Amino acid sequence: MKPPSYATDKSTTMIYSIDRLTTELSSNPLWMNGAYPLIKLSERAKHDEVIAECIKMTGFDEGHVKDYEIIKIKTVKIRGPLPEDYFAALMDTDLGKKIVLFKYVNFTAGWWTRVYDLK
């Protein structure tokens with residue numbers, strides 16, 4: 001896998017997709033349930049390192065992502081019984097556009113991650 005590149009000129013319509021996803025998740029209190037890969041990196045890991053590990057460990061119906069470009073990373077708040085801050089990365093991949101949500105949990109669990117297809 002080659003290192004990620006960062007986009008410099010992408011449509012703002014794609015960036016609004018992060019806001020749409022967080023609004024959708026905020027309305028579903030069970031959104032966080034389910035399995036997720038444990039990313040055993042320190043709290044000080046760079047965001048692109050966490051994303052790279054997540055991409056390596058996450059498979060899709062079409063296979064694994066081989067190439068990707070990080071378009072934007074931003075902090076988001078998902079509302080609910082226990083609102084929390086997450087990082088959201090908007091990505092263009094060889095398997096389509098994706099959003100990676102991630103946050104540091106603790107020393108034992110490492111980073112929580114989940115990948116969503118862009119709608």
# chains A, B, ... in the order shown; residues from 1 in each chain; ligands from 1
$ select_by_dssp --residues "chain A" --states "strand (DSSP E)" --output "ChimeraX atom specification"
/A:5-6,68-78,84-93,96-106,110-117
$ residues_around --residues "range 44-61 of chain A" --least-positions-apart "5" --cutoff "10 Å" --atoms "only C-alpha atoms" --output "ChimeraX atom specification"
/A:1-6,36-39,66-68,70,73,87-89,91,95,100-104,110-115,117
$ residues_around --residues "range 21-34 of chain A" --least-positions-apart "2" --cutoff "7 Å" --atoms "only C-alpha atoms" --output "mmCIF file with C-alpha atoms, in the first residue's frame"
data_model
loop_
_atom_site.group_PDB
_atom_site.id
_atom_site.type_symbol
_atom_site.label_atom_id
_atom_site.label_comp_id
_atom_site.auth_asym_id
_atom_site.auth_seq_id
_atom_site.Cartn_x
_atom_site.Cartn_y
_atom_site.Cartn_z
ATOM 1 C CA SER A 17 -21.262 14.353 3.711
ATOM 2 C CA ILE A 18 -19.489 14.193 7.086
ATOM 3 C CA ASP A 19 -22.142 16.494 8.564
ATOM 4 C CA TYR A 36 -14.675 -2.870 15.167
ATOM 5 C CA ILE A 78 -22.207 12.748 17.654
ATOM 6 C CA ARG A 79 -25.157 13.516 19.869
ATOM 7 C CA GLY A 80 -27.012 10.995 21.943
#
$ atom_distance --atom1 "CA of Glu43 in chain A" --atom2 "CA of Glu69 in chain A"
23.0 Å
$ select_by_dssp --residues "chain A" --states "helix (DSSP H, G or I)" --output "PDB file with N, CA and C atoms, in the first residue's frame"
ATOM      1  N   THR A  12     -16.956  20.817  -2.253  1.00  0.00           N
ATOM      2  CA  THR A  12     -17.439  21.017  -0.887  1.00  0.00           C
ATOM      3  C   THR A  12     -18.659  20.158  -0.616  1.00  0.00           C
ATOM      4  N   THR A  13     -19.337  19.703  -1.670  1.00  0.00           N
ATOM      5  CA  THR A  13     -20.472  18.803  -1.488  1.00  0.00           C
ATOM      6  C   THR A  13     -20.041  17.542  -0.762  1.00  0.00           C
ATOM      7  N   MET A  14     -18.867  17.033  -1.071  1.00  0.00           N
ATOM      8  CA  MET A  14     -18.369  15.837  -0.398  1.00  0.00           C
ATOM      9  C   MET A  14     -18.100  16.116   1.075  1.00  0.00           C
ATOM     10  N   ILE A  15     -17.602  17.289   1.387  1.00  0.00           N
ATOM     11  CA  ILE A  15     -17.284  17.640   2.769  1.00  0.00           C
ATOM     12  C   ILE A  15     -18.563  17.690   3.610  1.00  0.00           C
ATOM     13  N   TYR A  16     -19.675  18.135   3.027  1.00  0.00           N
ATOM     14  CA  TYR A  16     -20.948  18.152   3.751  1.00  0.00           C
ATOM     15  C   TYR A  16     -21.419  16.744   4.093  1.00  0.00           C
ATOM     16  N   SER A  17     -20.885  15.737   3.432  1.00  0.00           N
ATOM     17  CA  SER A  17     -21.262  14.353   3.711  1.00  0.00           C
ATOM     18  C   SER A  17     -20.913  13.948   5.139  1.00  0.00           C
ATOM     19  N   ILE A  18     -19.841  14.476   5.688  1.00  0.00           N
ATOM     20  CA  ILE A  18     -19.489  14.193   7.086  1.00  0.00           C
ATOM     21  C   ILE A  18     -20.598  14.711   7.996  1.00  0.00           C
ATOM     22  N   ASP A  19     -21.074  15.917   7.741  1.00  0.00           N
ATOM     23  CA  ASP A  19     -22.142  16.494   8.564  1.00  0.00           C
ATOM     24  C   ASP A  19     -23.425  15.684   8.443  1.00  0.00           C
ATOM     25  N   ARG A  20     -23.741  15.222   7.237  1.00  0.00           N
ATOM     26  CA  ARG A  20     -24.937  14.394   7.049  1.00  0.00           C
ATOM     27  C   ARG A  20     -24.824  13.088   7.838  1.00  0.00           C
ATOM     28  N   LEU A  21     -23.635  12.462   7.797  1.00  0.00           N
ATOM     29  CA  LEU A  21     -23.438  11.210   8.522  1.00  0.00           C
ATOM     30  C   LEU A  21     -23.578  11.414  10.023  1.00  0.00           C
ATOM     31  N   THR A  22     -22.964  12.449  10.570  1.00  0.00           N
ATOM     32  CA  THR A  22     -23.043  12.664  12.021  1.00  0.00           C
ATOM     33  C   THR A  22     -24.475  12.981  12.458  1.00  0.00           C
ATOM     34  N   THR A  23     -25.236  13.675  11.629  1.00  0.00           N
ATOM     35  CA  THR A  23     -26.639  13.943  11.930  1.00  0.00           C
ATOM     36  C   THR A  23     -27.431  12.642  11.942  1.00  0.00           C
ATOM     37  N   GLU A  24     -27.185  11.787  10.954  1.00  0.00           N
ATOM     38  CA  GLU A  24     -27.872  10.498  10.882  1.00  0.00           C
ATOM     39  C   GLU A  24     -27.537   9.615  12.094  1.00  0.00           C
ATOM     40  N   LEU A  25     -26.257   9.543  12.451  1.00  0.00           N
ATOM     41  CA  LEU A  25     -25.850   8.717  13.587  1.00  0.00           C
ATOM     42  C   LEU A  25     -26.392   9.260  14.902  1.00  0.00           C
ATOM     43  N   SER A  26     -26.467  10.575  15.007  1.00  0.00           N
ATOM     44  CA  SER A  26     -26.966  11.204  16.235  1.00  0.00           C
ATOM     45  C   SER A  26     -28.414  10.828  16.513  1.00  0.00           C
ATOM     46  N   HIS A  47      -3.119  11.105  12.907  1.00  0.00           N
ATOM     47  CA  HIS A  47      -4.380  10.666  12.309  1.00  0.00           C
ATOM     48  C   HIS A  47      -4.168   9.781  11.094  1.00  0.00           C
ATOM     49  N   ASP A  48      -3.220  10.124  10.243  1.00  0.00           N
ATOM     50  CA  ASP A  48      -3.017   9.299   9.046  1.00  0.00           C
ATOM     51  C   ASP A  48      -2.480   7.913   9.390  1.00  0.00           C
ATOM     52  N   GLU A  49      -1.791   7.762  10.533  1.00  0.00           N
ATOM     53  CA  GLU A  49      -1.341   6.444  10.985  1.00  0.00           C
ATOM     54  C   GLU A  49      -2.538   5.592  11.438  1.00  0.00           C
ATOM     55  N   VAL A  50      -3.461   6.214  12.156  1.00  0.00           N
ATOM     56  CA  VAL A  50      -4.659   5.507  12.615  1.00  0.00           C
ATOM     57  C   VAL A  50      -5.487   5.077  11.399  1.00  0.00           C
ATOM     58  N   ILE A  51      -5.656   5.977  10.452  1.00  0.00           N
ATOM     59  CA  ILE A  51      -6.426   5.662   9.249  1.00  0.00           C
ATOM     60  C   ILE A  51      -5.764   4.537   8.463  1.00  0.00           C
ATOM     61  N   ALA A  52      -4.455   4.580   8.322  1.00  0.00           N
ATOM     62  CA  ALA A  52      -3.738   3.531   7.578  1.00  0.00           C
ATOM     63  C   ALA A  52      -3.958   2.166   8.219  1.00  0.00           C
ATOM     64  N   GLU A  53      -3.883   2.079   9.544  1.00  0.00           N
ATOM     65  CA  GLU A  53      -4.120   0.812  10.241  1.00  0.00           C
ATOM     66  C   GLU A  53      -5.569   0.356  10.070  1.00  0.00           C
ATOM     67  N   CYS A  54      -6.493   1.286  10.172  1.00  0.00           N
ATOM     68  CA  CYS A  54      -7.905   0.969  10.002  1.00  0.00           C
ATOM     69  C   CYS A  54      -8.155   0.402   8.605  1.00  0.00           C
ATOM     70  N   ILE A  55      -7.605   1.038   7.592  1.00  0.00           N
ATOM     71  CA  ILE A  55      -7.798   0.589   6.204  1.00  0.00           C
ATOM     72  C   ILE A  55      -7.210  -0.808   6.014  1.00  0.00           C
ATOM     73  N   LYS A  56      -6.062  -1.074   6.615  1.00  0.00           N
ATOM     74  CA  LYS A  56      -5.449  -2.407   6.505  1.00  0.00           C
ATOM     75  C   LYS A  56      -6.335  -3.480   7.117  1.00  0.00           C
ATOM     76  N   MET A  57      -7.043  -3.138   8.192  1.00  0.00           N
ATOM     77  CA  MET A  57      -7.799  -4.131   8.960  1.00  0.00           C
ATOM     78  C   MET A  57      -9.266  -4.237   8.560  1.00  0.00           C
TER      79      MET A  57
END
$ atom_distance --atom1 "CA of Phe107 in chain A" --atom2 "CA of Leu41 in chain A"
8.6 Å
$ closest_residue --among "A:Lys74, A:Ala35, A:Glu84, A:His64" --to "Val105 in chain A" --atoms "only C-alpha atoms"
A:Glu84
$ closest_residue --among "A:Val65, A:Ile71, A:Lys77, A:Tyr116" --to "Leu90 in chain A" --atoms "only C-alpha atoms"
A:Ile71
$ atom_distance --atom1 "CA of Glu62 in chain A" --atom2 "CA of Lys98 in chain A"
13.3 Å
$ decode --residues "range 13-38 of chain A" --atoms "C-alpha atoms" --output "PDB file, in the first residue's frame"
ATOM      1  CA  THR A  13     -20.472  18.803  -1.488  1.00  0.00           C
ATOM      2  CA  MET A  14     -18.369  15.837  -0.398  1.00  0.00           C
ATOM      3  CA  ILE A  15     -17.284  17.640   2.769  1.00  0.00           C
ATOM      4  CA  TYR A  16     -20.948  18.152   3.751  1.00  0.00           C
ATOM      5  CA  SER A  17     -21.262  14.353   3.711  1.00  0.00           C
ATOM      6  CA  ILE A  18     -19.489  14.193   7.086  1.00  0.00           C
ATOM      7  CA  ASP A  19     -22.142  16.494   8.564  1.00  0.00           C
ATOM      8  CA  ARG A  20     -24.937  14.394   7.049  1.00  0.00           C
ATOM      9  CA  LEU A  21     -23.438  11.210   8.522  1.00  0.00           C
ATOM     10  CA  THR A  22     -23.043  12.664  12.021  1.00  0.00           C
ATOM     11  CA  THR A  23     -26.639  13.943  11.930  1.00  0.00           C
ATOM     12  CA  GLU A  24     -27.872  10.498  10.882  1.00  0.00           C
ATOM     13  CA  LEU A  25     -25.850   8.717  13.587  1.00  0.00           C
ATOM     14  CA  SER A  26     -26.966  11.204  16.235  1.00  0.00           C
ATOM     15  CA  SER A  27     -30.559  10.099  15.670  1.00  0.00           C
ATOM     16  CA  ASN A  28     -29.770   6.400  16.283  1.00  0.00           C
ATOM     17  CA  PRO A  29     -28.688   5.566  19.850  1.00  0.00           C
ATOM     18  CA  LEU A  30     -27.476   2.096  18.787  1.00  0.00           C
ATOM     19  CA  TRP A  31     -25.178   3.284  15.978  1.00  0.00           C
ATOM     20  CA  MET A  32     -21.978   2.392  17.842  1.00  0.00           C
ATOM     21  CA  ASN A  33     -22.941  -1.258  18.473  1.00  0.00           C
ATOM     22  CA  GLY A  34     -21.048  -3.958  16.616  1.00  0.00           C
ATOM     23  CA  ALA A  35     -17.530  -5.180  16.052  1.00  0.00           C
ATOM     24  CA  TYR A  36     -14.675  -2.870  15.167  1.00  0.00           C
ATOM     25  CA  PRO A  37     -10.950  -3.335  14.611  1.00  0.00           C
ATOM     26  CA  LEU A  38      -8.738  -2.576  17.614  1.00  0.00           C
TER      27      LEU A  38
END
